[in-house]
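Structure file start_11.cif (mmCIF, C-alpha atoms) is printed below.
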```
data_entry
#
loop_
_atom_site.label_atom_id
_atom_site.label_comp_id
_atom_site.auth_asym_id
_atom_site.auth_seq_id
_atom_site.Cartn_x
_atom_site.Cartn_y
_atom_site.Cartn_z
CA SER A 1 47.09 62.87 -10.20
CA ASP A 2 49.93 60.30 -9.89
CA LEU A 3 48.16 58.11 -12.43
CA LEU A 4 48.17 60.95 -14.96
CA LYS A 5 51.93 61.33 -14.53
CA HIS A 6 52.58 57.67 -15.28
CA TYR A 7 49.91 56.77 -17.82
CA PRO A 8 48.83 58.64 -20.94
CA GLU A 9 45.26 57.46 -20.38
CA VAL A 10 43.55 56.66 -17.07
CA THR A 11 40.59 54.30 -17.13
CA PRO A 12 37.87 54.05 -14.48
CA LEU A 13 39.21 50.58 -13.59
CA MET A 14 42.71 52.00 -13.01
CA LEU A 15 41.24 54.73 -10.80
CA LYS A 16 39.25 52.19 -8.78
CA ASP A 17 42.33 49.95 -8.43
CA ALA A 18 44.44 52.91 -7.28
CA ILE A 19 41.87 53.80 -4.61
CA LEU A 20 41.63 50.18 -3.44
CA GLY A 21 45.39 49.69 -3.66
CA VAL A 22 45.18 46.86 -6.20
CA ASN A 23 48.13 46.10 -8.52
CA GLN A 24 46.53 47.26 -11.79
CA ALA A 25 47.32 50.90 -11.10
CA LYS A 26 50.87 50.13 -9.96
CA GLU A 27 53.68 51.39 -12.15
CA LYS A 28 54.90 48.80 -14.63
CA MET A 29 58.64 48.25 -14.33
CA LEU A 30 60.53 46.87 -17.32
CA LEU A 31 62.84 44.37 -15.59
CA GLU A 32 60.00 43.16 -13.39
CA ILE A 33 57.90 42.40 -16.49
CA TRP A 34 60.93 40.81 -18.16
CA LYS A 35 61.44 38.59 -15.07
CA ASP A 36 57.80 37.45 -15.24
CA GLN A 37 58.25 36.59 -18.92
CA LEU A 38 61.39 34.61 -18.09
CA GLU A 39 59.44 32.60 -15.52
CA ASP A 40 56.95 31.66 -18.24
CA GLN A 41 59.80 30.75 -20.60
CA ARG A 42 61.53 28.67 -17.92
CA LYS A 43 58.46 26.40 -17.90
CA LEU A 44 58.95 25.78 -21.64
CA VAL A 45 62.57 24.59 -21.34
CA GLY A 46 62.73 21.07 -22.67
CA LYS A 47 59.37 21.47 -24.42
CA ASP A 48 59.34 24.44 -26.82
CA LEU A 49 62.61 26.04 -25.72
CA VAL A 50 66.20 24.84 -25.53
CA LYS A 51 68.04 25.48 -22.25
CA ASP A 52 70.83 27.46 -23.99
CA THR A 53 68.29 29.76 -25.63
CA PHE A 54 66.62 30.36 -22.29
CA GLN A 55 70.00 31.18 -20.74
CA ARG A 56 70.59 33.78 -23.49
CA TYR A 57 67.24 35.39 -22.59
CA VAL A 58 68.33 35.52 -18.94
CA ARG A 59 71.70 37.01 -19.95
CA SER A 60 69.91 39.68 -22.01
CA ARG A 61 67.96 40.80 -18.96
CA THR A 62 71.08 40.76 -16.79
CA TYR A 63 72.99 42.87 -19.32
CA PHE A 64 70.15 45.40 -19.56
CA GLN A 65 70.10 45.68 -15.77
CA GLU A 66 73.88 46.21 -15.77
CA TYR A 67 73.41 48.89 -18.45
CA LEU A 68 70.81 50.69 -16.28
CA GLN A 69 73.14 50.58 -13.29
CA LYS A 70 76.16 51.82 -15.24
CA TYR A 71 74.45 54.65 -17.17
CA TYR A 72 71.65 55.69 -14.79
CA ARG A 73 72.53 54.15 -11.39
CA ILE A 74 69.10 52.49 -11.15
CA ASN A 75 68.04 48.85 -10.87
CA ASP A 76 64.85 49.06 -12.95
CA ILE A 77 62.94 51.55 -15.05
CA ARG A 78 59.29 52.38 -15.67
CA ILE A 79 58.43 51.13 -19.12
CA GLN A 80 57.19 54.60 -20.14
CA LYS A 81 60.72 55.95 -19.56
CA LEU A 82 62.39 53.61 -22.08
CA SER A 83 63.47 55.76 -25.04
CA PRO A 84 65.17 55.33 -28.43
CA LYS A 85 68.22 57.07 -26.90
CA MET A 86 68.43 54.37 -24.23
CA ILE A 87 68.16 51.62 -26.83
CA LYS A 88 71.10 53.15 -28.73
CA GLU A 89 73.08 53.52 -25.48
CA TYR A 90 72.36 49.87 -24.70
CA GLU A 91 73.76 48.94 -28.11
CA VAL A 92 76.97 50.85 -27.36
CA PHE A 93 77.14 49.23 -23.90
CA LEU A 94 76.85 45.75 -25.41
CA LYS A 95 79.50 46.38 -28.06
CA THR A 96 82.00 48.13 -25.78
CA VAL A 97 81.56 46.93 -22.21
CA LYS A 98 80.33 43.41 -23.02
CA LYS A 99 82.43 43.13 -26.21
CA SER A 100 79.50 41.62 -28.12
CA SER A 101 79.66 41.21 -31.87
CA HIS A 102 77.16 43.06 -34.06
CA ASN A 103 74.88 40.03 -34.48
CA THR A 104 74.95 39.17 -30.77
CA THR A 105 74.12 42.78 -29.93
CA VAL A 106 71.15 42.65 -32.32
CA LYS A 107 69.92 39.44 -30.64
CA PHE A 108 70.06 41.03 -27.18
CA GLN A 109 68.20 44.08 -28.47
CA GLN A 110 65.59 41.81 -30.05
CA HIS A 111 65.03 40.21 -26.64
CA LEU A 112 64.39 43.68 -25.20
CA LYS A 113 62.11 44.51 -28.12
CA ARG A 114 60.10 41.36 -27.42
CA VAL A 115 59.40 42.60 -23.88
CA VAL A 116 58.51 46.06 -25.19
CA TYR A 117 56.01 44.59 -27.65
CA TYR A 118 54.52 42.51 -24.86
CA CYS A 119 53.99 45.76 -22.91
CA ILE A 120 52.44 47.45 -25.96
CA SER A 121 50.09 44.50 -26.56
CA ASN A 122 48.93 44.70 -22.93
CA GLY A 123 48.27 48.44 -23.20
CA TRP A 124 50.95 49.37 -20.67
CA LEU A 125 53.01 51.23 -23.24
CA LYS A 126 51.51 53.46 -25.91
CA LYS A 127 54.59 54.56 -27.85
CA ASP A 128 57.10 52.12 -29.37
CA PRO A 129 60.64 53.17 -28.37
CA PHE A 130 61.99 50.93 -31.15
CA TYR A 131 60.17 52.98 -33.80
CA GLY A 132 62.71 53.92 -36.48
CA ILE A 133 65.39 51.58 -35.12
CA THR A 134 66.36 48.73 -37.43
CA LEU A 135 67.78 45.58 -35.94
CA SER A 136 69.37 43.64 -38.76
CA SER A 137 72.08 41.03 -38.60
CA LYS A 138 75.12 41.07 -40.86
CA ASP A 139 76.13 38.11 -42.96
CA VAL A 140 79.17 36.42 -41.46
CA ALA A 141 81.84 34.88 -43.68
CA ARG A 142 82.38 31.44 -42.24
CA PRO A 143 85.79 29.93 -43.06
CA TYR A 144 86.06 26.34 -44.24
CA LEU A 145 87.91 23.72 -42.25
CA THR A 146 91.30 22.73 -43.56
CA GLU A 147 91.88 19.09 -44.43
CA LYS A 148 93.98 18.69 -41.26
CA GLU A 149 91.23 20.24 -39.08
CA LEU A 150 88.65 17.94 -40.65
CA LYS A 151 90.83 14.85 -40.02
CA ASN A 152 91.36 15.95 -36.38
CA LEU A 153 87.61 16.35 -35.97
CA MET A 154 86.93 12.94 -37.49
CA ALA A 155 89.47 11.33 -35.13
CA TYR A 156 88.05 13.01 -32.03
CA GLN A 157 86.35 10.67 -29.55
CA SER A 158 84.22 11.98 -26.70
CA LYS A 159 83.05 10.12 -23.62
CA VAL A 160 79.63 11.65 -24.28
CA GLU A 161 77.78 9.76 -27.02
CA ARG A 162 75.70 12.81 -27.98
CA ILE A 163 78.89 14.73 -28.83
CA ASN A 164 80.07 11.87 -31.02
CA ASN A 165 76.73 11.93 -32.83
CA VAL A 166 77.00 15.69 -33.38
CA ARG A 167 80.54 15.16 -34.75
CA ASP A 168 79.27 12.49 -37.16
CA PHE A 169 76.35 14.66 -38.35
CA PHE A 170 78.69 17.59 -38.91
CA VAL A 171 81.26 15.53 -40.83
CA PHE A 172 78.51 13.95 -42.92
CA SER A 173 77.08 17.33 -43.87
#
```
As a first step, turn the structure in this file into structure tokens.
Amino acid sequence: SDLLKHYPEVTPLMLKDAILGVNQAKEKMLLEIWKDQLEDQRKLVGKDLVKDTFQRYVRSRTYFQEYLQKYYRINDIRIQKLSPKMIKEYEVFLKTVKKSSHNTTVKFQQHLKRVVYYCISNGWLKKDPFYGITLSSKDVARPYLTEKELKNLMAYQSKVERINNVRDFFVFS
């Protein structure tokens, strides 16, 4: 009966696992799944993933947990309970409480969407809470450097050789 409350479809394997007390029938919690994904991504740092990108993924999870605590006073949520309303509330939270720009907010929501799609692909979630929600970045007008700023940049010397190389590549481009 508990399985029917938490899952739209109960398989014989889920029933057997519930009787035996095996993890398969356990409720799937969003932040727990996200944490497991982060552990997999941590292993890719330095190989397929840059450390700064990984840290943004971690920050996304932290912000979503803060959102849950602020709006719902909970530390995690069953994946079946994630709704389009919550995704919109999370957007507002990011823009107001965290003072994120539009494009940064979209990135954080895309990180959440990635976890949701992982849940859907594993059959843990049947309905996509992102259905009908568009996550599109806005073009940002980037100002040009003034001649004085460019000369200051060219004159800058760092003790770190990598920074000097980045400066040279930037000036060259």
Target residues per the PyMOL selection byres ((chain A and resi 103) around 10), formatted as a list in words: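 Output from the PyMOL selection byres ((chain A and resi 103) around 10), applied to this file: Ser100, Ser101, His102, Thr104, Thr105, Val106, Lys107, Phe108, Gln109, Leu135, Ser136, Ser137, Lys138, Asp139 and Val140 of chain A.
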Residues returned when the PyMOL selection byres ((chain A and resi 115) around 10) runs on this file, as a PyMOL selection string: chain A and resi 30-31+33-35+37+79+110-114+116-121
Export, as a CSV table (one decimal), keeping the file's coordinate frame, the selected residues with C-alpha atoms.
```csv
chain,number,residue,atom,x,y,z
A,30,LEU,CA,60.5,46.9,-17.3
A,31,LEU,CA,62.8,44.4,-15.6
A,33,ILE,CA,57.9,42.4,-16.5
A,34,TRP,CA,60.9,40.8,-18.2
A,35,LYS,CA,61.4,38.6,-15.1
A,37,GLN,CA,58.2,36.6,-18.9
A,79,ILE,CA,58.4,51.1,-19.1
A,110,GLN,CA,65.6,41.8,-30.0
A,111,HIS,CA,65.0,40.2,-26.6
A,112,LEU,CA,64.4,43.7,-25.2
A,113,LYS,CA,62.1,44.5,-28.1
A,114,ARG,CA,60.1,41.4,-27.4
A,116,VAL,CA,58.5,46.1,-25.2
A,117,TYR,CA,56.0,44.6,-27.6
A,118,TYR,CA,54.5,42.5,-24.9
A,119,CYS,CA,54.0,45.8,-22.9
A,120,ILE,CA,52.4,47.4,-26.0
A,121,SER,CA,50.1,44.5,-26.6
```
All residues 12 Å or closer to Lys98 in chain A, all atoms listed in the file, same chain fewer than 2 positions away omitted, as number ranges by chain: A: 59-60, 62-64, 66-67, 90-96, 100-102, 104-105, 108
Shell of 12 Å around Gln80 in chain A, all atoms listed in the file, local chain residues under 4 positions omitted, as a list in words: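 Residues meeting the cut-off are Lys5, His6, Tyr7, Pro8, Glu27, Lys28, Met29, Leu30, Asp76, Pro84, Met86, Val116, Cys119, Ile120, Gly123, Trp124, Leu125, Lys126, Lys127, Asp128 and Pro129 of chain A.
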Distance criterion (all atoms listed in the file): nearest to Glu32 in chain A out of A:Ile87, A:Ile77, A:Leu82, A:Leu15: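 Among A:Ile87, A:Ile77, A:Leu82, A:Leu15, it is A:Ile77 that comes nearest to Glu32 in chain A.
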Distance in Å - CA of Asp168 in chain A versus CA of Lys151 in chain A: 12.1 Å
Selected residue, from A:Arg61, A:Lys88, A:Lys99, A:Lys70, that lies nearest to Asp36 in chain A when counting all atoms listed in the file: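 Checking each candidate against Asp36 in chain A, we get A:Arg61 as the closest.
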